[in-house]
Amino acid sequence: MQINEYFVGQKDIAENVLICLLAGGHVLLEDVPGVGKTTLARIIANSMDCDFGRIQFTPDTLPGDVIGTSVYNAKTGEFSYREGAVMHQILLADEINRTSPKTQASLLETMSEGKVTVDGRTYGLPQPFMVIATQNPVEFLGTYPLPEAQMDRFMMRLSLGYPEASEEWRLAKNFISGKTVDTVKSVCTSEDVIKIKGEVEKVSLSDNMIKYIQDIVRLTREEKRFVLGASPRAMLALIRTSQAKAYLSGRDFVKPDDVKAVAINVLHHRLTLLPEAKIHGDDVDRLLKELMVQATIPFE
């Protein structure tokens, strides 16, 4: 994969971002500064010849900065739409938790419907469209935690982590040799991505596999240590990401391993532990692994 030639870090991170792109979803990258979140977003955009946009969220960022505004034209006497940062195929929403809830909410329509509404007029977003948001999980001063409604809009939440010693060595060598994000060449076009997304939707999913995914989601709702279980949107996200995982694996059908490969990244940010469970040292990812063992695995 060309992305991993330029992006130094966990190889499955790049694959999971691609899975979300092909599944029509959005990604929340949650990690400390300087581990390559912005670099990964730019590499993916350049590799696919997609239009890239970036907005640095701050407490004074307004919704109009994101979705655009209507500007009065004195010559024509009419209002015209001035595009916001969202009018890009790949949008990096940097430090999304540093802006106000009102501005965070302005992304909701774009993430779920692929369009924006300004002064009663609706404008479609360029396709393919994907939001890659970032936030620092260890810094809380001057931040606004994302509400559950917006967390649920993200198909996956991923953490890059620090690279291994060998990967960090390769990063240094790439930097010295000038092999940076600006030298990434596209291997496909945005039209190719749209075509592949259509092929992902045709990946076969048997009734037994749907039942398996339903069982996993149902078990999260029955688990008493969670405040709330996974939503129907989470189930649909798990279906589509499983199809994308199967497609990238060279298959036209989904098998249980595809579901297992994406389930934790799709579900863990949608689930919240009860305070009592946190006190007892329970962990969302560990509980999810236990629930997937309990779900009935189809044999076909």
# chains A, B, ... in the order shown; residues from 1 in each chain; ligands from 1
>>> residues_around(residues="Gln135 in chain A", least_positions_apart="6", cutoff="8 Å", atoms="only C-alpha atoms", output="list of chain:residue names")
A:Leu28, A:Leu29, A:Glu30, A:Asp31, A:Val32, A:Asp94, A:Glu95, A:Ile96, A:Asn97
>>> write_last_selection(atoms="all heavy atoms", output="PDB file, in the first residue's frame")
ATOM      1  N   LEU A  28     -12.524   9.567  13.640  1.00  0.00           N
ATOM      2  CA  LEU A  28     -12.001  10.415  14.706  1.00  0.00           C
ATOM      3  C   LEU A  28     -10.648   9.852  15.122  1.00  0.00           C
ATOM      4  O   LEU A  28     -10.558   8.724  15.606  1.00  0.00           O
ATOM      5  CB  LEU A  28     -12.954  10.424  15.904  1.00  0.00           C
ATOM      6  CG  LEU A  28     -12.491  11.218  17.134  1.00  0.00           C
ATOM      7  CD1 LEU A  28     -12.338  12.703  16.789  1.00  0.00           C
ATOM      8  CD2 LEU A  28     -13.462  11.044  18.295  1.00  0.00           C
ATOM      9  N   LEU A  29      -9.582  10.622  14.888  1.00  0.00           N
ATOM     10  CA  LEU A  29      -8.236  10.224  15.292  1.00  0.00           C
ATOM     11  C   LEU A  29      -7.940  10.872  16.638  1.00  0.00           C
ATOM     12  O   LEU A  29      -7.860  12.102  16.740  1.00  0.00           O
ATOM     13  CB  LEU A  29      -7.200  10.666  14.250  1.00  0.00           C
ATOM     14  CG  LEU A  29      -7.324  10.051  12.852  1.00  0.00           C
ATOM     15  CD1 LEU A  29      -6.234  10.604  11.936  1.00  0.00           C
ATOM     16  CD2 LEU A  29      -7.242   8.539  12.901  1.00  0.00           C
ATOM     17  N   GLU A  30      -7.778  10.054  17.645  1.00  0.00           N
ATOM     18  CA  GLU A  30      -7.601  10.555  18.999  1.00  0.00           C
ATOM     19  C   GLU A  30      -6.217  10.163  19.500  1.00  0.00           C
ATOM     20  O   GLU A  30      -5.951   8.990  19.755  1.00  0.00           O
ATOM     21  CB  GLU A  30      -8.683   9.975  19.917  1.00  0.00           C
ATOM     22  CG  GLU A  30      -8.765  10.632  21.273  1.00  0.00           C
ATOM     23  CD  GLU A  30      -9.916  10.094  22.088  1.00  0.00           C
ATOM     24  OE1 GLU A  30      -9.823   8.923  22.530  1.00  0.00           O
ATOM     25  OE2 GLU A  30     -10.909  10.817  22.265  1.00  0.00           O
ATOM     26  N   ASP A  31      -5.343  11.149  19.621  1.00  0.00           N
ATOM     27  CA  ASP A  31      -3.996  10.862  20.095  1.00  0.00           C
ATOM     28  C   ASP A  31      -3.270  12.156  20.429  1.00  0.00           C
ATOM     29  O   ASP A  31      -3.750  13.252  20.135  1.00  0.00           O
ATOM     30  CB  ASP A  31      -3.203  10.067  19.055  1.00  0.00           C
ATOM     31  CG  ASP A  31      -2.366   8.963  19.688  1.00  0.00           C
ATOM     32  OD1 ASP A  31      -1.741   9.238  20.732  1.00  0.00           O
ATOM     33  OD2 ASP A  31      -2.352   7.849  19.165  1.00  0.00           O
ATOM     34  N   VAL A  32      -2.097  11.992  21.022  1.00  0.00           N
ATOM     35  CA  VAL A  32      -1.294  13.139  21.425  1.00  0.00           C
ATOM     36  C   VAL A  32      -0.732  13.836  20.184  1.00  0.00           C
ATOM     37  O   VAL A  32      -0.680  13.249  19.103  1.00  0.00           O
ATOM     38  CB  VAL A  32      -0.143  12.695  22.352  1.00  0.00           C
ATOM     39  CG1 VAL A  32      -0.696  12.129  23.638  1.00  0.00           C
ATOM     40  CG2 VAL A  32       0.746  11.668  21.654  1.00  0.00           C
ATOM     41  N   ASP A  94      -9.259  19.692  12.572  1.00  0.00           N
ATOM     42  CA  ASP A  94      -8.177  19.564  13.545  1.00  0.00           C
ATOM     43  C   ASP A  94      -8.602  20.084  14.915  1.00  0.00           C
ATOM     44  O   ASP A  94      -9.124  21.186  15.047  1.00  0.00           O
ATOM     45  CB  ASP A  94      -6.952  20.335  13.050  1.00  0.00           C
ATOM     46  CG  ASP A  94      -5.645  19.734  13.542  1.00  0.00           C
ATOM     47  OD1 ASP A  94      -5.689  18.673  14.197  1.00  0.00           O
ATOM     48  OD2 ASP A  94      -4.584  20.323  13.281  1.00  0.00           O
ATOM     49  N   GLU A  95      -8.353  19.258  15.952  1.00  0.00           N
ATOM     50  CA  GLU A  95      -8.696  19.590  17.338  1.00  0.00           C
ATOM     51  C   GLU A  95     -10.161  20.005  17.452  1.00  0.00           C
ATOM     52  O   GLU A  95     -10.489  21.091  17.919  1.00  0.00           O
ATOM     53  CB  GLU A  95      -7.765  20.675  17.874  1.00  0.00           C
ATOM     54  CG  GLU A  95      -6.318  20.221  17.994  1.00  0.00           C
ATOM     55  CD  GLU A  95      -5.435  21.242  18.703  1.00  0.00           C
ATOM     56  OE1 GLU A  95      -5.227  22.334  18.143  1.00  0.00           O
ATOM     57  OE2 GLU A  95      -4.956  20.936  19.805  1.00  0.00           O
ATOM     58  N   ILE A  96     -11.028  19.111  17.043  1.00  0.00           N
ATOM     59  CA  ILE A  96     -12.461  19.406  16.995  1.00  0.00           C
ATOM     60  C   ILE A  96     -13.032  19.704  18.371  1.00  0.00           C
ATOM     61  O   ILE A  96     -14.029  20.421  18.503  1.00  0.00           O
ATOM     62  CB  ILE A  96     -13.211  18.226  16.321  1.00  0.00           C
ATOM     63  CG1 ILE A  96     -14.660  18.616  16.028  1.00  0.00           C
ATOM     64  CG2 ILE A  96     -13.117  16.965  17.159  1.00  0.00           C
ATOM     65  CD1 ILE A  96     -15.416  17.593  15.222  1.00  0.00           C
ATOM     66  N   ASN A  97     -12.413  19.165  19.415  1.00  0.00           N
ATOM     67  CA  ASN A  97     -12.935  19.400  20.759  1.00  0.00           C
ATOM     68  C   ASN A  97     -12.523  20.761  21.333  1.00  0.00           C
ATOM     69  O   ASN A  97     -12.834  21.067  22.481  1.00  0.00           O
ATOM     70  CB  ASN A  97     -12.501  18.279  21.718  1.00  0.00           C
ATOM     71  CG  ASN A  97     -10.988  18.154  21.829  1.00  0.00           C
ATOM     72  OD1 ASN A  97     -10.261  18.445  20.881  1.00  0.00           O
ATOM     73  ND2 ASN A  97     -10.514  17.718  22.977  1.00  0.00           N
TER      74      ASN A  97
END
>>> residues_around(residues="Ile297 in chain A", least_positions_apart="4", cutoff="9 Å", atoms="only C-alpha atoms", output="PyMOL selection string")
chain A and resi 208-209+212+256+292-293
>>> select_by_dssp(residues="range 90-190 of chain A", states="helix (DSSP H, G or I)", output="number ranges by chain")
A: 96-98, 101-113, 148-151, 165-177, 181-183, 190
>>> write_last_selection(atoms="N, CA and C atoms", output="compact mmCIF listing (two decimals), in the first residue's frame")
# COMPACT_ATOMS: atom_id res chain seq x y z
N ILE A 96 -11.03 19.11 17.04
CA ILE A 96 -12.46 19.41 16.99
C ILE A 96 -13.03 19.70 18.37
N ASN A 97 -12.41 19.17 19.41
CA ASN A 97 -12.93 19.40 20.76
C ASN A 97 -12.52 20.76 21.33
N ARG A 98 -11.84 21.58 20.54
CA ARG A 98 -11.46 22.92 21.01
C ARG A 98 -12.47 23.98 20.60
N PRO A 101 -19.77 23.83 21.15
CA PRO A 101 -20.77 22.84 20.72
C PRO A 101 -21.57 23.29 19.51
N LYS A 102 -21.86 24.59 19.41
CA LYS A 102 -22.62 25.10 18.26
C LYS A 102 -21.86 24.88 16.96
N THR A 103 -20.56 25.12 16.99
CA THR A 103 -19.75 24.90 15.78
C THR A 103 -19.57 23.42 15.51
N GLN A 104 -19.39 22.62 16.57
CA GLN A 104 -19.31 21.17 16.38
C GLN A 104 -20.58 20.65 15.71
N ALA A 105 -21.72 21.19 16.13
CA ALA A 105 -23.00 20.73 15.59
C ALA A 105 -23.16 21.07 14.12
N SER A 106 -22.44 22.08 13.65
CA SER A 106 -22.57 22.46 12.24
C SER A 106 -22.04 21.36 11.31
N LEU A 107 -21.25 20.45 11.87
CA LEU A 107 -20.73 19.34 11.07
C LEU A 107 -21.71 18.17 10.98
N LEU A 108 -22.74 18.16 11.84
CA LEU A 108 -23.63 17.00 11.90
C LEU A 108 -24.32 16.72 10.58
N GLU A 109 -24.90 17.76 9.96
CA GLU A 109 -25.61 17.56 8.70
C GLU A 109 -24.67 17.11 7.60
N THR A 110 -23.48 17.71 7.57
CA THR A 110 -22.53 17.35 6.52
C THR A 110 -22.09 15.89 6.66
N MET A 111 -21.90 15.42 7.89
CA MET A 111 -21.40 14.08 8.12
C MET A 111 -22.47 13.02 7.85
N SER A 112 -23.72 13.34 8.11
CA SER A 112 -24.77 12.33 7.96
C SER A 112 -25.47 12.38 6.61
N GLU A 113 -25.51 13.57 5.98
CA GLU A 113 -26.29 13.70 4.75
C GLU A 113 -25.48 14.15 3.53
N GLU A 148 -22.55 12.72 22.71
CA GLU A 148 -22.77 11.37 22.20
C GLU A 148 -23.34 11.38 20.79
N ALA A 149 -24.21 12.36 20.51
CA ALA A 149 -24.83 12.43 19.18
C ALA A 149 -23.79 12.58 18.08
N GLN A 150 -22.74 13.37 18.33
CA GLN A 150 -21.71 13.56 17.31
C GLN A 150 -20.71 12.42 17.31
N MET A 151 -20.42 11.85 18.47
CA MET A 151 -19.54 10.69 18.51
C MET A 151 -20.12 9.56 17.67
N ALA A 165 10.54 1.56 17.21
CA ALA A 165 11.89 2.12 16.97
C ALA A 165 12.27 2.02 15.50
N SER A 166 11.97 0.87 14.87
CA SER A 166 12.33 0.69 13.46
C SER A 166 11.54 1.63 12.56
N GLU A 167 10.26 1.87 12.92
CA GLU A 167 9.43 2.77 12.12
C GLU A 167 9.89 4.21 12.29
N GLU A 168 10.29 4.57 13.51
CA GLU A 168 10.76 5.92 13.75
C GLU A 168 12.08 6.17 13.01
N TRP A 169 12.89 5.13 12.89
CA TRP A 169 14.13 5.22 12.10
C TRP A 169 13.79 5.50 10.63
N ARG A 170 12.79 4.77 10.11
CA ARG A 170 12.38 4.98 8.72
C ARG A 170 11.80 6.38 8.53
N LEU A 171 11.11 6.88 9.53
CA LEU A 171 10.57 8.24 9.47
C LEU A 171 11.70 9.25 9.33
N ALA A 172 12.76 9.07 10.13
CA ALA A 172 13.89 9.98 10.06
C ALA A 172 14.58 9.92 8.69
N LYS A 173 14.74 8.70 8.16
CA LYS A 173 15.38 8.54 6.85
C LYS A 173 14.54 9.18 5.75
N ASN A 174 13.22 9.00 5.81
CA ASN A 174 12.33 9.62 4.82
C ASN A 174 12.42 11.14 4.89
N PHE A 175 12.49 11.66 6.10
CA PHE A 175 12.55 13.10 6.28
C PHE A 175 13.85 13.67 5.71
N ILE A 176 14.95 12.99 5.97
CA ILE A 176 16.26 13.46 5.48
C ILE A 176 16.34 13.38 3.95
N SER A 177 15.74 12.33 3.38
CA SER A 177 15.81 12.15 1.93
C SER A 177 14.78 12.98 1.17
N VAL A 181 5.07 14.21 2.56
CA VAL A 181 3.70 14.16 2.05
C VAL A 181 3.55 14.93 0.75
N ASP A 182 4.39 15.95 0.55
CA ASP A 182 4.30 16.76 -0.67
C ASP A 182 4.78 16.00 -1.90
N THR A 183 5.48 14.89 -1.71
CA THR A 183 5.98 14.12 -2.85
C THR A 183 5.10 12.91 -3.17
N SER A 190 -10.49 10.43 -7.72
CA SER A 190 -11.67 10.45 -6.87
C SER A 190 -12.83 9.70 -7.53
>>> atom_distance(atom1="CA of Asp252 in chain A", atom2="CA of Ser204 in chain A")
6.0 Å
>>> closest_residue(among="A:Ala244, A:Val203, A:Leu267, A:Ala14", to="Met155 in chain A", atoms="only C-alpha atoms")
A:Leu267
>>> residues_around(residues="Asp285 in chain A", least_positions_apart="3", cutoff="9 Å", atoms="only C-alpha atoms", output="MDAnalysis selection string")
chainID A and resid 264:265 267:268 288:290
>>> write_last_selection(atoms="all heavy atoms", output="mmCIF file, in the first residue's frame")
data_model
loop_
_atom_site.group_PDB
_atom_site.id
_atom_site.type_symbol
_atom_site.label_atom_id
_atom_site.label_comp_id
_atom_site.auth_asym_id
_atom_site.auth_seq_id
_atom_site.Cartn_x
_atom_site.Cartn_y
_atom_site.Cartn_z
ATOM 1 N N ILE A 264 -14.516 -3.635 17.121
ATOM 2 C CA ILE A 264 -14.116 -2.825 18.276
ATOM 3 C C ILE A 264 -13.944 -1.359 17.887
ATOM 4 O O ILE A 264 -14.421 -0.458 18.583
ATOM 5 C CB ILE A 264 -12.827 -3.390 18.909
ATOM 6 C CG1 ILE A 264 -13.118 -4.735 19.573
ATOM 7 C CG2 ILE A 264 -12.245 -2.409 19.926
ATOM 8 C CD1 ILE A 264 -11.917 -5.382 20.228
ATOM 9 N N ASN A 265 -13.288 -1.100 16.750
ATOM 10 C CA ASN A 265 -13.083 0.282 16.316
ATOM 11 C C ASN A 265 -14.397 0.978 15.961
ATOM 12 O O ASN A 265 -14.501 2.205 16.052
ATOM 13 C CB ASN A 265 -12.141 0.325 15.114
ATOM 14 C CG ASN A 265 -10.704 0.000 15.492
ATOM 15 O OD1 ASN A 265 -10.270 0.282 16.601
ATOM 16 N ND2 ASN A 265 -9.966 -0.606 14.580
ATOM 17 N N LEU A 267 -17.404 0.199 17.441
ATOM 18 C CA LEU A 267 -18.324 0.252 18.573
ATOM 19 C C LEU A 267 -17.800 0.956 19.834
ATOM 20 O O LEU A 267 -18.583 1.528 20.587
ATOM 21 C CB LEU A 267 -18.753 -1.173 18.958
ATOM 22 C CG LEU A 267 -19.527 -1.969 17.899
ATOM 23 C CD1 LEU A 267 -19.788 -3.379 18.393
ATOM 24 C CD2 LEU A 267 -20.835 -1.274 17.538
ATOM 25 N N HIS A 268 -16.477 0.907 20.088
ATOM 26 C CA HIS A 268 -16.024 1.305 21.424
ATOM 27 C C HIS A 268 -16.293 2.759 21.781
ATOM 28 O O HIS A 268 -16.489 3.083 22.961
ATOM 29 C CB HIS A 268 -14.546 0.942 21.634
ATOM 30 C CG HIS A 268 -13.592 1.667 20.750
ATOM 31 N ND1 HIS A 268 -12.229 1.591 20.906
ATOM 32 C CD2 HIS A 268 -13.769 2.482 19.680
ATOM 33 C CE1 HIS A 268 -11.620 2.297 19.991
ATOM 34 N NE2 HIS A 268 -12.537 2.848 19.234
ATOM 35 N N LEU A 288 -16.086 -5.691 25.027
ATOM 36 C CA LEU A 288 -16.519 -5.968 23.656
ATOM 37 C C LEU A 288 -15.966 -7.308 23.162
ATOM 38 O O LEU A 288 -16.665 -8.069 22.485
ATOM 39 C CB LEU A 288 -16.077 -4.836 22.717
ATOM 40 C CG LEU A 288 -16.984 -3.600 22.675
ATOM 41 C CD1 LEU A 288 -16.332 -2.506 21.844
ATOM 42 C CD2 LEU A 288 -18.345 -3.950 22.107
ATOM 43 N N LYS A 289 -14.719 -7.592 23.486
ATOM 44 C CA LYS A 289 -14.136 -8.875 23.094
ATOM 45 C C LYS A 289 -14.888 -10.035 23.733
ATOM 46 O O LYS A 289 -15.128 -11.067 23.091
ATOM 47 C CB LYS A 289 -12.656 -8.915 23.479
ATOM 48 C CG LYS A 289 -11.774 -7.982 22.663
ATOM 49 C CD LYS A 289 -10.327 -8.021 23.144
ATOM 50 C CE LYS A 289 -9.456 -7.050 22.350
ATOM 51 N NZ LYS A 289 -8.052 -7.029 22.847
ATOM 52 N N GLU A 290 -15.291 -9.860 24.993
ATOM 53 C CA GLU A 290 -16.056 -10.903 25.672
ATOM 54 C C GLU A 290 -17.423 -11.091 25.008
ATOM 55 O O GLU A 290 -17.893 -12.231 24.843
ATOM 56 C CB GLU A 290 -16.238 -10.535 27.141
ATOM 57 C CG GLU A 290 -14.941 -10.544 27.949
ATOM 58 C CD GLU A 290 -15.153 -10.092 29.384
ATOM 59 O OE1 GLU A 290 -16.322 -9.795 29.742
ATOM 60 O OE2 GLU A 290 -14.168 -10.024 30.142
#
>>> residues_around(residues="Leu273 in chain A", least_positions_apart="2", cutoff="6 Å", atoms="only C-alpha atoms", output="PDB file with N, CA and C atoms, in the first residue's frame")
ATOM      1  N   ARG A 225     -23.119  -3.208  32.397  1.00  0.00           N
ATOM      2  CA  ARG A 225     -22.040  -2.289  32.761  1.00  0.00           C
ATOM      3  C   ARG A 225     -21.925  -1.106  31.805  1.00  0.00           C
ATOM      4  N   PHE A 226     -22.715  -1.122  30.705  1.00  0.00           N
ATOM      5  CA  PHE A 226     -22.761   0.004  29.781  1.00  0.00           C
ATOM      6  C   PHE A 226     -23.948   0.898  30.115  1.00  0.00           C
ATOM      7  N   VAL A 227     -23.755   2.208  30.006  1.00  0.00           N
ATOM      8  CA  VAL A 227     -24.864   3.148  30.201  1.00  0.00           C
ATOM      9  C   VAL A 227     -25.905   2.949  29.116  1.00  0.00           C
TER      10      VAL A 227
END
>>> atom_distance(atom1="CA of Lys185 in chain A", atom2="CA of Val262 in chain A")
28.3 Å
>>> select_by_dssp(residues="range 125-256 of chain A", states="strand (DSSP E or B)", output="MDAnalysis selection string")
chainID A and resid 130:135 156:158 204 226 253
>>> write_last_selection(atoms="C-alpha atoms", output="mmCIF file, in the first residue's frame")
data_model
loop_
_atom_site.group_PDB
_atom_site.id
_atom_site.type_symbol
_atom_site.label_atom_id
_atom_site.label_comp_id
_atom_site.auth_asym_id
_atom_site.auth_seq_id
_atom_site.Cartn_x
_atom_site.Cartn_y
_atom_site.Cartn_z
ATOM 1 C CA MET A 130 -14.936 12.304 4.382
ATOM 2 C CA VAL A 131 -14.273 14.100 7.676
ATOM 3 C CA ILE A 132 -11.099 13.132 9.514
ATOM 4 C CA ALA A 133 -11.332 14.802 12.915
ATOM 5 C CA THR A 134 -8.586 14.899 15.522
ATOM 6 C CA GLN A 135 -8.496 15.547 19.235
ATOM 7 C CA MET A 156 -14.520 4.674 13.773
ATOM 8 C CA ARG A 157 -12.365 6.154 16.494
ATOM 9 C CA LEU A 158 -8.689 5.302 16.046
ATOM 10 C CA SER A 204 -22.456 -10.238 -0.299
ATOM 11 C CA PHE A 226 -22.761 0.004 29.781
ATOM 12 C CA PHE A 253 -18.537 -11.875 0.560
#
>>> closest_residue(among="A:Leu92, A:Val8, A:Val138, A:Val254", to="Phe57 in chain A", atoms="only C-alpha atoms")
A:Leu92
>>> residues_around(residues="Asp49 in chain A", least_positions_apart="3", cutoff="10 Å", atoms="only C-alpha atoms", output="list in words")
Ile43, Ile44, Ala45, Asn46, Phe52, Gln89, Val184, Lys185, Ser186, Val187, Cys188, Thr189, Ser190, Glu191, Asp192 and Val193 of chain A
>>> atom_distance(atom1="CA of Ala23 in chain A", atom2="CA of Met235 in chain A")
13.0 Å
>>> closest_residue(among="A:Tyr72, A:Phe154, A:Tyr144, A:Phe129", to="Ser100 in chain A", atoms="only C-alpha atoms")
A:Tyr144
>>> closest_residue(among="A:Lys37, A:Arg240, A:Lys179, A:Arg270", to="Val217 in chain A", atoms="only C-alpha atoms")
A:Arg270
